[in-house]
Amino acid sequence: MSAYPPPSDVITGEVAWVFGDDFDIDLVVGVSNIKSYDPVHLRSVCMTAYDSNFVDRVQQGDIIVGGRNFGYGHPHYPPMVALRNCGIAAIVAESFSPGFWRGETFNGMPLITVPGISAAVTTGDAVTLDWRAATLRTVGGLELVGTRPNARTVQVIEAGGSYELLLEEHSRSLTPQGQAQ
């Protein structure tokens with residue numbers, strides 16, 4: 001169940017970090033923290049191995065950029081809890097590990113595939129992401145277009161996650177008396 005509201009249609013922020021190919025998502029919080037579910041602790045250790053100022057620098061609406069096979073490894077949830085609690089609104093990568101993509105998409109996080117993204121932007125670039133159209137624009141005028149999410153994925157993200165979407169669909173299937181049709 002997602003505890004995060006659905007993203008806005010257009011996400012405006014900065015590139016918080018650019019990862020290369022085959023990035024293991026567990027490294028965001030470090031393997032020693034992978035079994036923690038304390039959001040305050042996870043936020044405090046988020047990205048400390050890469051940037052000791054990350055938590056203070058990142059703002060709501062920022063995005064993470066990755067290369068090919070982003071999220072490689074075991075798709076644990078604590079790293080994404082940490083990133084979301086820092087304000088990360090989406091991840092744009094050349095491709096995603098299937099387990100990571102499935103887990104985080106179904107938690108309502110826009111994961112957008114855009115070929116060439118990891119070489120086209122740098123940390124700190126101001127960007128606008130229309131996640132439905134899979135279009136990322138930089139302030140400098142660069143526009144990159146990727147693969148649009150399918151209709152069901154859009155529904156999941158709009159609902160804030162698959163659990164919320166299933167609850168919504170179930171409630172619509174009930175009659176006014178609360179009986180299944």
# chains A, B, ... in the order shown; residues from 1 in each chain; ligands from 1

call {"tool": "select_by_dssp", "arguments": {"residues": "stretch 8-55 of chain A", "states": "strand (DSSP E or B)", "output": "list in words"}}
result
Val10, Ile11, Thr12, Gly13, Glu14, Val15, Ala16, Trp17, Val18 and Asp24 of chain A

call {"tool": "write_last_selection", "arguments": {"atoms": "N, CA and C atoms", "output": "compact mmCIF listing (two decimals), in the first residue's frame"}}
result
# COMPACT_ATOMS: atom_id res chain seq x y z
N VAL A 10 2.58 16.95 -14.59
CA VAL A 10 3.88 17.46 -14.99
C VAL A 10 4.69 17.69 -13.72
N ILE A 11 5.85 17.09 -13.67
CA ILE A 11 6.73 17.17 -12.51
C ILE A 11 7.85 18.16 -12.85
N THR A 12 8.02 19.16 -12.01
CA THR A 12 9.04 20.17 -12.22
C THR A 12 10.01 20.13 -11.05
N GLY A 13 11.27 20.01 -11.37
CA GLY A 13 12.30 19.96 -10.33
C GLY A 13 13.68 19.96 -10.95
N GLU A 14 14.59 19.32 -10.24
CA GLU A 14 15.96 19.19 -10.73
C GLU A 14 16.34 17.72 -10.79
N VAL A 15 17.37 17.44 -11.55
CA VAL A 15 17.95 16.11 -11.56
C VAL A 15 18.75 15.99 -10.26
N ALA A 16 18.27 15.14 -9.36
CA ALA A 16 18.91 15.01 -8.05
C ALA A 16 20.20 14.19 -8.14
N TRP A 17 20.24 13.24 -9.06
CA TRP A 17 21.41 12.40 -9.20
C TRP A 17 21.32 11.64 -10.51
N VAL A 18 22.47 11.34 -11.11
CA VAL A 18 22.52 10.52 -12.32
C VAL A 18 23.34 9.28 -12.02
N ASP A 24 22.30 -0.94 -8.42
CA ASP A 24 21.58 -1.71 -7.41
C ASP A 24 20.90 -0.73 -6.46

call {"tool": "residues_around", "arguments": {"residues": "stretch 75-81 of chain A", "least_positions_apart": "6", "cutoff": "6 Å", "atoms": "only C-alpha atoms", "output": "PyMOL selection string"}}
result
chain A and resi 26+28-29+99-100

call {"tool": "write_last_selection", "arguments": {"atoms": "C-alpha atoms", "output": "mmCIF file, in the first residue's frame"}}
result
data_model
loop_
_atom_site.group_PDB
_atom_site.id
_atom_site.type_symbol
_atom_site.label_atom_id
_atom_site.label_comp_id
_atom_site.auth_asym_id
_atom_site.auth_seq_id
_atom_site.Cartn_x
_atom_site.Cartn_y
_atom_site.Cartn_z
ATOM 1 C CA ASP A 26 19.799 -1.110 -2.267
ATOM 2 C CA VAL A 28 20.748 4.191 -1.923
ATOM 3 C CA VAL A 29 20.498 3.393 1.801
ATOM 4 C CA GLY A 99 11.411 -6.556 -10.550
ATOM 5 C CA PHE A 100 12.175 -2.961 -9.610
#

call {"tool": "residues_around", "arguments": {"residues": "stretch 122-135 of chain A", "least_positions_apart": "5", "cutoff": "12 Å", "atoms": "only C-alpha atoms", "output": "PyMOL selection string"}}
result
chain A and resi 6-20+51+54+57-59+61-66+89-94+109-115+117+140-158

call {"tool": "residues_around", "arguments": {"residues": "A:Val45", "least_positions_apart": "2", "cutoff": "12 Å", "atoms": "only C-alpha atoms", "output": "ChimeraX atom specification"}}
result
/A:26-34,36,38-43,47-56,78-79,81-83,85-86

call {"tool": "select_by_dssp", "arguments": {"residues": "stretch 6-177 of chain A", "states": "helix (DSSP H, G or I)", "output": "ChimeraX atom specification"}}
result
/A:25-28,31-33,39-45,54-57,78-86,98-105,117-120,151-159,162-173

call {"tool": "write_last_selection", "arguments": {"atoms": "C-alpha atoms", "output": "PDB file, in the first residue's frame"}}
result
ATOM      1  CA  ILE A  25      18.818   0.276  -5.698  1.00  0.00           C
ATOM      2  CA  ASP A  26      19.799  -1.110  -2.267  1.00  0.00           C
ATOM      3  CA  LEU A  27      22.918   1.076  -2.372  1.00  0.00           C
ATOM      4  CA  VAL A  28      20.748   4.191  -1.923  1.00  0.00           C
ATOM      5  CA  VAL A  31      22.960  -2.829   2.560  1.00  0.00           C
ATOM      6  CA  SER A  32      23.205  -2.484   6.352  1.00  0.00           C
ATOM      7  CA  ASN A  33      19.952  -0.474   6.339  1.00  0.00           C
ATOM      8  CA  PRO A  39      11.204   6.324   7.324  1.00  0.00           C
ATOM      9  CA  VAL A  40      13.072   8.863   9.462  1.00  0.00           C
ATOM     10  CA  HIS A  41      16.143   6.628   9.666  1.00  0.00           C
ATOM     11  CA  LEU A  42      15.994   5.746   5.973  1.00  0.00           C
ATOM     12  CA  ARG A  43      15.828   9.414   5.027  1.00  0.00           C
ATOM     13  CA  SER A  44      18.825  10.161   7.245  1.00  0.00           C
ATOM     14  CA  VAL A  45      21.009   7.570   5.477  1.00  0.00           C
ATOM     15  CA  PHE A  54      21.849  14.874  -0.692  1.00  0.00           C
ATOM     16  CA  VAL A  55      19.086  14.957   1.934  1.00  0.00           C
ATOM     17  CA  ASP A  56      19.547  18.699   2.483  1.00  0.00           C
ATOM     18  CA  ARG A  57      19.849  19.496  -1.226  1.00  0.00           C
ATOM     19  CA  PRO A  78      13.430   0.812   1.898  1.00  0.00           C
ATOM     20  CA  PRO A  79      15.569   2.618  -0.714  1.00  0.00           C
ATOM     21  CA  MET A  80      12.488   3.970  -2.455  1.00  0.00           C
ATOM     22  CA  VAL A  81      10.933   4.952   0.883  1.00  0.00           C
ATOM     23  CA  ALA A  82      14.086   6.983   1.537  1.00  0.00           C
ATOM     24  CA  LEU A  83      14.062   8.624  -1.903  1.00  0.00           C
ATOM     25  CA  ARG A  84      10.356   9.441  -1.748  1.00  0.00           C
ATOM     26  CA  ASN A  85      10.732  10.944   1.724  1.00  0.00           C
ATOM     27  CA  CYS A  86      13.466  13.184   0.324  1.00  0.00           C
ATOM     28  CA  PRO A  98      11.851  -5.847 -14.277  1.00  0.00           C
ATOM     29  CA  GLY A  99      11.411  -6.556 -10.550  1.00  0.00           C
ATOM     30  CA  PHE A 100      12.175  -2.961  -9.610  1.00  0.00           C
ATOM     31  CA  TRP A 101       9.877  -1.581 -12.304  1.00  0.00           C
ATOM     32  CA  ARG A 102       6.998  -3.799 -11.227  1.00  0.00           C
ATOM     33  CA  GLY A 103       7.383  -3.092  -7.517  1.00  0.00           C
ATOM     34  CA  GLU A 104       7.770   0.654  -7.727  1.00  0.00           C
ATOM     35  CA  THR A 105       5.244   1.248 -10.489  1.00  0.00           C
ATOM     36  CA  ILE A 117      18.774  10.200 -20.753  1.00  0.00           C
ATOM     37  CA  SER A 118      21.841   9.371 -18.637  1.00  0.00           C
ATOM     38  CA  ALA A 119      24.211  11.112 -21.066  1.00  0.00           C
ATOM     39  CA  ALA A 120      21.872  14.034 -21.788  1.00  0.00           C
ATOM     40  CA  ALA A 151      -3.169   2.785 -19.916  1.00  0.00           C
ATOM     41  CA  ARG A 152      -3.194   0.417 -16.922  1.00  0.00           C
ATOM     42  CA  THR A 153       0.117   1.760 -15.625  1.00  0.00           C
ATOM     43  CA  VAL A 154      -1.270   5.301 -15.886  1.00  0.00           C
ATOM     44  CA  GLN A 155      -4.307   4.220 -13.842  1.00  0.00           C
ATOM     45  CA  VAL A 156      -2.061   2.696 -11.162  1.00  0.00           C
ATOM     46  CA  ILE A 157       0.104   5.821 -10.924  1.00  0.00           C
ATOM     47  CA  GLU A 158      -2.922   8.163 -10.942  1.00  0.00           C
ATOM     48  CA  ALA A 159      -4.459   6.191  -8.060  1.00  0.00           C
ATOM     49  CA  SER A 162      -2.126  -0.660  -7.249  1.00  0.00           C
ATOM     50  CA  TYR A 163      -3.674  -1.206  -3.814  1.00  0.00           C
ATOM     51  CA  GLU A 164      -5.469   2.138  -3.984  1.00  0.00           C
ATOM     52  CA  LEU A 165      -6.623   1.414  -7.548  1.00  0.00           C
ATOM     53  CA  LEU A 166      -8.014  -1.983  -6.563  1.00  0.00           C
ATOM     54  CA  LEU A 167      -9.896  -0.433  -3.630  1.00  0.00           C
ATOM     55  CA  GLU A 168     -11.297   2.240  -5.941  1.00  0.00           C
ATOM     56  CA  GLU A 169     -12.376  -0.332  -8.542  1.00  0.00           C
ATOM     57  CA  HIS A 170     -13.923  -2.524  -5.879  1.00  0.00           C
ATOM     58  CA  SER A 171     -15.915   0.344  -4.395  1.00  0.00           C
ATOM     59  CA  ARG A 172     -17.258   1.219  -7.871  1.00  0.00           C
ATOM     60  CA  SER A 173     -18.421  -2.390  -8.306  1.00  0.00           C
TER      61      SER A 173
END

call {"tool": "atom_distance", "arguments": {"atom1": "atom CA of A:Ser95", "atom2": "atom CA of A:Asp22"}}
result
9.5 Å
